[in-house]
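What follows is the content of work.pdb, which has PDB, C-alpha atoms:
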```pdb
ATOM      1  CA  LEU I  63     214.978 171.431 -61.318
ATOM      2  CA  GLN I  64     212.125 170.696 -63.639
ATOM      3  CA  MET I  65     214.459 171.354 -66.553
ATOM      4  CA  THR I  66     216.615 168.361 -65.624
ATOM      5  CA  ASP I  67     216.949 165.658 -68.234
ATOM      6  CA  HIS I  68     216.864 162.389 -66.290
ATOM      7  CA  ARG I  69     218.513 160.326 -69.005
ATOM      8  CA  PRO I  70     221.811 158.930 -67.644
ATOM      9  CA  HIS I  71     223.920 160.546 -70.378
ATOM     10  CA  ALA I  72     222.343 164.045 -70.330
ATOM     11  CA  ALA I  73     224.346 165.726 -67.570
ATOM     12  CA  SER I  74     227.491 163.772 -68.336
ATOM     13  CA  SER I  75     228.189 165.843 -71.436
ATOM     14  CA  SER I  76     229.297 169.454 -71.162
ATOM     15  CA  ALA I  77     226.318 170.534 -73.274
ATOM     16  CA  GLY I  78     223.921 168.643 -71.020
ATOM     17  CA  PHE I  79     225.455 170.162 -67.899
ATOM     18  CA  ALA I  80     225.371 173.657 -69.417
ATOM     19  CA  ALA I  81     221.705 173.252 -70.360
ATOM     20  CA  VAL I  82     220.783 172.404 -66.766
ATOM     21  CA  TYR I  83     223.147 174.899 -65.131
ATOM     22  CA  LYS I  84     222.035 177.921 -67.182
ATOM     23  CA  HIS I  85     218.762 177.905 -65.219
ATOM     24  CA  VAL I  86     220.538 178.075 -61.861
ATOM     25  CA  LYS I  87     221.276 181.574 -60.594
ATOM     26  CA  ALA I  88     224.668 181.703 -58.910
ATOM     27  CA  ASN I  89     225.687 184.531 -56.603
ATOM     28  CA  ILE I  90     229.373 185.311 -57.012
ATOM     29  CA  VAL I  91     231.449 186.401 -54.021
ATOM     30  CA  LYS I  92     234.926 187.800 -54.578
ATOM     31  CA  GLY I  93     237.546 186.312 -52.273
ATOM     32  CA  HIS I  94     241.135 187.155 -51.476
ATOM     33  CA  GLY I  95     243.723 187.070 -54.226
ATOM     34  CA  GLY I  96     241.150 187.258 -57.012
ATOM     35  CA  ALA I  97     239.381 184.029 -56.056
ATOM     36  CA  GLN I  98     235.667 183.749 -56.711
ATOM     37  CA  HIS I  99     233.138 181.689 -54.817
ATOM     38  CA  ALA I 100     229.547 180.990 -55.747
ATOM     39  CA  TYR I 101     226.360 179.943 -54.031
ATOM     40  CA  THR I 102     222.812 179.567 -55.271
ATOM     41  CA  ASP I 103     219.651 181.146 -53.959
ATOM     42  CA  GLU I 104     218.260 177.614 -53.634
ATOM     43  CA  GLU I 105     221.007 176.735 -51.123
ATOM     44  CA  LYS I 106     220.376 179.865 -49.086
ATOM     45  CA  ILE I 107     216.603 179.350 -49.135
ATOM     46  CA  ALA I 108     216.872 175.682 -48.118
ATOM     47  CA  PHE I 109     219.143 176.444 -45.162
ATOM     48  CA  ALA I 110     217.043 179.413 -44.021
ATOM     49  CA  ASP I 111     213.910 177.242 -44.160
ATOM     50  CA  HIS I 112     215.631 174.423 -42.271
ATOM     51  CA  ILE I 113     216.884 176.772 -39.550
ATOM     52  CA  ASN I 114     213.435 178.369 -39.222
ATOM     53  CA  SER I 115     211.903 174.919 -38.896
ATOM     54  CA  VAL I 116     214.422 173.481 -36.423
ATOM     55  CA  LEU I 117     215.049 176.560 -34.261
ATOM     56  CA  GLY I 118     211.871 178.591 -34.780
ATOM     57  CA  HIS I 119     210.479 177.604 -31.381
ATOM     58  CA  ASP I 120     213.555 178.849 -29.458
ATOM     59  CA  GLU I 121     212.555 182.061 -27.682
ATOM     60  CA  SER I 122     216.174 183.134 -27.214
ATOM     61  CA  LEU I 123     216.367 183.449 -31.016
ATOM     62  CA  SER I 124     213.153 185.422 -31.446
ATOM     63  CA  HIS I 125     215.121 188.524 -32.482
ATOM     64  CA  LEU I 126     216.795 186.523 -35.296
ATOM     65  CA  LEU I 127     214.012 184.228 -36.466
ATOM     66  CA  PRO I 128     212.277 183.683 -38.716
ATOM     67  CA  ILE I 129     214.907 184.310 -41.359
ATOM     68  CA  ASP I 130     213.468 185.645 -44.605
ATOM     69  CA  PRO I 131     214.769 183.133 -47.160
ATOM     70  CA  ALA I 132     214.361 185.609 -50.026
ATOM     71  CA  THR I 133     217.003 187.948 -48.563
ATOM     72  CA  GLU I 134     220.612 187.733 -47.405
ATOM     73  CA  GLU I 135     219.359 187.747 -43.785
ATOM     74  CA  LEU I 136     220.798 184.279 -43.110
ATOM     75  CA  PHE I 137     224.330 185.655 -43.203
ATOM     76  CA  SER I 138     223.679 188.555 -40.834
ATOM     77  CA  ALA I 139     221.704 186.291 -38.474
ATOM     78  CA  CYS I 140     224.858 184.198 -37.963
ATOM     79  CA  ARG I 141     227.061 187.190 -37.006
ATOM     80  CA  THR I 142     226.955 186.738 -33.232
ATOM     81  CA  GLY I 143     227.558 182.982 -33.354
ATOM     82  CA  ILE I 144     224.430 182.262 -31.307
ATOM     83  CA  LEU I 145     222.370 180.939 -34.217
ATOM     84  CA  LEU I 146     225.131 178.553 -35.334
ATOM     85  CA  ALA I 147     225.717 177.441 -31.736
ATOM     86  CA  LYS I 148     222.031 176.590 -31.382
ATOM     87  CA  LEU I 149     222.126 174.775 -34.733
ATOM     88  CA  ILE I 150     225.099 172.694 -33.544
ATOM     89  CA  ASN I 151     223.224 171.785 -30.359
ATOM     90  CA  SER I 152     220.176 170.799 -32.415
ATOM     91  CA  ALA I 153     222.396 168.532 -34.542
ATOM     92  CA  VAL I 154     224.269 166.970 -31.618
ATOM     93  CA  ALA I 155     222.606 167.663 -28.288
ATOM     94  CA  ASP I 156     224.608 169.345 -25.535
ATOM     95  CA  THR I 157     227.727 169.866 -27.654
ATOM     96  CA  ILE I 158     227.911 173.472 -26.453
ATOM     97  CA  ASP I 159     227.307 174.453 -22.850
ATOM     98  CA  GLU I 160     225.284 177.579 -23.577
ATOM     99  CA  ARG I 161     226.489 179.188 -20.359
ATOM    100  CA  VAL I 162     229.769 179.998 -22.153
ATOM    101  CA  LEU I 163     227.967 181.995 -24.849
ATOM    102  CA  VAL I 164     227.305 185.724 -24.700
ATOM    103  CA  PHE I 165     223.564 186.173 -25.284
ATOM    104  CA  LYS I 166     223.040 189.836 -26.131
ATOM    105  CA  GLN I 167     221.104 191.397 -28.959
ATOM    106  CA  ASN I 168     224.025 193.723 -29.678
ATOM    107  CA  PRO I 169     227.223 192.090 -28.465
ATOM    108  CA  ASN I 170     230.510 193.878 -29.040
ATOM    109  CA  ARG I 171     233.047 192.475 -31.500
ATOM    110  CA  PHE I 172     235.079 190.767 -28.763
ATOM    111  CA  GLU I 173     231.956 188.914 -27.540
ATOM    112  CA  MET I 174     231.060 187.887 -31.098
ATOM    113  CA  VAL I 175     234.597 186.562 -31.662
ATOM    114  CA  GLN I 176     234.311 184.602 -28.409
ATOM    115  CA  ASN I 177     230.986 183.042 -29.493
ATOM    116  CA  CYS I 178     232.295 182.276 -32.987
ATOM    117  CA  ASN I 179     235.409 180.583 -31.574
ATOM    118  CA  VAL I 180     233.113 178.325 -29.537
ATOM    119  CA  VAL I 181     231.110 177.589 -32.707
ATOM    120  CA  ILE I 182     234.202 176.748 -34.766
ATOM    121  CA  ASN I 183     235.695 174.491 -32.083
ATOM    122  CA  SER I 184     232.359 172.771 -31.484
ATOM    123  CA  ALA I 185     231.808 172.264 -35.200
ATOM    124  CA  LYS I 186     235.194 170.525 -35.345
ATOM    125  CA  ALA I 187     234.202 168.403 -32.341
ATOM    126  CA  ILE I 188     231.071 167.065 -34.064
ATOM    127  CA  GLY I 189     232.943 166.231 -37.270
ATOM    128  CA  CYS I 190     232.778 169.350 -39.447
ATOM    129  CA  THR I 191     235.756 170.352 -41.551
ATOM    130  CA  VAL I 192     236.450 173.986 -40.700
ATOM    131  CA  ILE I 193     239.678 174.701 -42.536
ATOM    132  CA  SER I 194     240.122 178.426 -43.217
ATOM    133  CA  ILE I 195     237.002 179.464 -41.295
ATOM    134  CA  HIS I 196     237.753 182.123 -38.718
ATOM    135  CA  PRO I 197     235.475 184.107 -36.392
ATOM    136  CA  GLU I 198     235.833 187.161 -38.639
ATOM    137  CA  HIS I 199     234.330 185.225 -41.556
ATOM    138  CA  ILE I 200     231.207 184.444 -39.544
ATOM    139  CA  ILE I 201     230.946 187.973 -38.126
ATOM    140  CA  ASP I 202     231.391 189.497 -41.585
ATOM    141  CA  GLY I 203     228.800 187.110 -43.033
ATOM    142  CA  VAL I 204     230.997 185.547 -45.729
ATOM    143  CA  PRO I 205     228.274 183.642 -47.628
ATOM    144  CA  HIS I 206     230.141 180.638 -49.049
ATOM    145  CA  LEU I 207     231.826 179.895 -45.702
ATOM    146  CA  ILE I 208     228.625 180.254 -43.679
ATOM    147  CA  LEU I 209     226.721 178.072 -46.150
ATOM    148  CA  GLY I 210     229.496 175.467 -46.148
ATOM    149  CA  LEU I 211     229.582 175.305 -42.360
ATOM    150  CA  THR I 212     225.789 175.310 -42.125
ATOM    151  CA  TRP I 213     225.558 172.450 -44.635
ATOM    152  CA  GLN I 214     227.953 170.321 -42.606
ATOM    153  CA  ILE I 215     226.056 170.964 -39.362
ATOM    154  CA  VAL I 216     222.690 170.231 -41.009
ATOM    155  CA  ARG I 217     224.037 167.036 -42.623
ATOM    156  CA  ILE I 218     225.391 165.774 -39.305
ATOM    157  CA  GLY I 219     222.078 166.531 -37.621
ATOM    158  CA  LEU I 220     219.998 164.834 -40.296
ATOM    159  CA  LEU I 221     222.187 161.745 -40.472
ATOM    160  CA  SER I 222     222.527 161.340 -36.703
ATOM    161  CA  GLY I 223     219.146 159.665 -36.504
ATOM    162  CA  ILE I 224     220.054 157.017 -39.063
ATOM    163  CA  ASN I 225     221.424 154.034 -37.187
ATOM    164  CA  LEU I 226     220.632 150.379 -36.655
ATOM    165  CA  GLN I 227     219.035 150.965 -33.290
ATOM    166  CA  ALA I 228     216.534 153.492 -34.635
ATOM    167  CA  HIS I 229     216.153 151.752 -38.017
ATOM    168  CA  PRO I 230     216.765 148.007 -37.750
ATOM    169  CA  GLU I 231     215.485 147.651 -41.326
ATOM    170  CA  LEU I 232     218.913 148.910 -42.447
ATOM    171  CA  VAL I 233     220.048 145.286 -42.098
ATOM    172  CA  ARG I 234     218.399 144.746 -45.475
ATOM    173  CA  LEU I 235     221.240 146.748 -47.031
ATOM    174  CA  LEU I 236     223.681 143.925 -46.364
ATOM    175  CA  LEU I 237     224.898 142.330 -49.551
ATOM    176  CA  PRO I 238     225.278 138.556 -49.840
ATOM    177  CA  GLY I 239     228.347 137.485 -47.873
ATOM    178  CA  GLU I 240     228.449 140.644 -45.724
ATOM    179  CA  GLU I 241     227.971 140.605 -41.986
ATOM    180  CA  LEU I 242     226.536 143.136 -39.562
ATOM    181  CA  GLN I 243     230.030 144.441 -38.750
ATOM    182  CA  ASP I 244     230.456 145.379 -42.427
ATOM    183  CA  LEU I 245     227.394 147.619 -42.196
ATOM    184  CA  LEU I 246     228.597 149.244 -38.992
ATOM    185  CA  ARG I 247     232.031 150.079 -40.407
ATOM    186  CA  PRO I 248     232.363 153.711 -41.454
ATOM    187  CA  ALA I 249     232.447 154.304 -45.201
TER     188      ALA I 249
END
```
What's the structure tokens form of this structure?
Amino acid sequence: LQMTDHRPHAASSSAGFAAVYKHVKANIVKGHGGAQHAYTDEEKIAFADHINSVLGHDESLSHLLPIDPATEELFSACRTGILLAKLINSAVADTIDERVLVFKQNPNRFEMVQNCNVVINSAKAIGCTVISIHPEHIIDGVPHLILGLTWQIVRIGLLSGINLQAHPELVRLLLPGEELQDLLRPA
């Protein structure tokens, strides 16, 4: 966002927020009961690029990757559950025993539901919040739910490598009077 005003007060006013936000293109998705959900192209592009980078070498995904970030391809690529299952395993190794997944280029709906149930349960197991996400939402490519789930999986994967063992320099974050146990305690 080159248009962002970095002064502390700029985005805190409604006018400042509106000035920044008017340059962001939001895609609106109509939900049940008249609800509306939005996502930005920047979100979709970032996740597509991340998935291409992390999973691009996986030959079993060659029919799905690379995802063209300029299109809505990310949502259709998740339909079978395989892409999200692989993303979960890249975030937290061996979460999903891939032998339980149905690897077909054109699985039937029952097989897709089976894969998506594994994805949803595994996402819960690694710490994702998956309230109101059902296999049908993934199969139907509901953008805001797929992006929300993808964000949680990506965040868990990126943060998993940040720990005292891998980065002992984190000890420098201790404030005066704090002990190592204070740093290890979850926020």
Evaluate the PyMOL selection byres ((chain I and resi 218) around 12) and record the selected residues as a VMD selection string, following the chain and residue labels used in the document.
-> chain I and resid 149 to 155 185 to 191 211 to 217 219 to 224
Option closest in space to Lys106 (chain I), from I:Leu209, I:Val91, I:Leu237, I:Leu163 [counting all atoms listed in the file] =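 Smallest distance to Lys106 (chain I) is found for I:Leu209.
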Please check which residues have atoms at most 6 Å from (217.4, 183.7, -40.1) in the file's coordinates, counting only C-alpha atoms, and write them as a ChimeraX atom specification.
-> /I:110,126-129,135-136,139
Report the distance between CA of Asp111 (chain I) and CA of Leu145 (chain I) in Å, rounded to one decimal place.
-> 13.6 Å
Please determine an axis-aligned box that encloses all atoms of region 103-106 of chain I listed in the file, with 4 Å added on each side, and express its centre and edge lengths in Å to one decimal as lines of an AutoDock Vina configuration file.
```
center_x = 219.6
center_y = 178.9
center_z = -51.5
size_x = 10.7
size_y = 12.4
size_z = 12.9
```
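By only C-alpha atoms, and with residues fewer than 3 positions from Ile90 (chain I) along its chain excluded, the set lying at most 12 Å from it is I:Lys87, I:Gly93, I:Gly96, I:Ala97, I:Gln98, I:His99, I:Ala100, I:Tyr101, I:Thr102, I:Asp103, I:Val204, I:Pro205, I:His206.
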Take the residues from that selection and put them in a file with C-alpha atoms, as a JSON list (two decimals), in the coordinates of the input.
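Below is the file part_1.json, written as the result:
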```json
[["chain", "number", "residue", "atom", "x", "y", "z"],
["I", 87, "LYS", "CA", 221.28, 181.57, -60.59],
["I", 93, "GLY", "CA", 237.55, 186.31, -52.27],
["I", 96, "GLY", "CA", 241.15, 187.26, -57.01],
["I", 97, "ALA", "CA", 239.38, 184.03, -56.06],
["I", 98, "GLN", "CA", 235.67, 183.75, -56.71],
["I", 99, "HIS", "CA", 233.14, 181.69, -54.82],
["I", 100, "ALA", "CA", 229.55, 180.99, -55.75],
["I", 101, "TYR", "CA", 226.36, 179.94, -54.03],
["I", 102, "THR", "CA", 222.81, 179.57, -55.27],
["I", 103, "ASP", "CA", 219.65, 181.15, -53.96],
["I", 204, "VAL", "CA", 231.00, 185.55, -45.73],
["I", 205, "PRO", "CA", 228.27, 183.64, -47.63],
["I", 206, "HIS", "CA", 230.14, 180.64, -49.05]]
```
How many Å lie between CA of Asn183 (chain I) and CA of Thr142 (chain I), rounded to one decimal?
-> 15.1 Å
To one decimal place, how far is CA of Glu104 (chain I) from CA of Thr133 (chain I) in Å?
->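 Between CA of Glu104 (chain I) and CA of Thr133 (chain I) the gap works out to 11.6 Å.
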Go through I:Glu105, I:Glu134, I:Phe165, I:Ile200 and flag the residue nearest Leu146 (chain I), using only C-alpha atoms for the distances.
->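 Of the candidates, the smallest distance to Leu146 (chain I) is held by I:Ile200.
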Report as a list in words the full result of the PyMOL selection byres ((chain I and resi 180) around 10) when it is applied to this structure.
->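 Here the PyMOL selection byres ((chain I and resi 180) around 10) matches Gly143, Ile144, Leu146, Ala147, Ile158, Asp159, Glu160, Val162, Leu163, Met174, Val175, Gln176, Asn177, Cys178, Asn179, Val181, Ile182, Asn183, Ser184, Ala185, Lys186 and Pro197 of chain I.
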Of I:Asp244, I:Cys140, I:Lys92, I:His112, the one sitting nearest Gly203 (chain I) when using all atoms listed in the file is I:Cys140
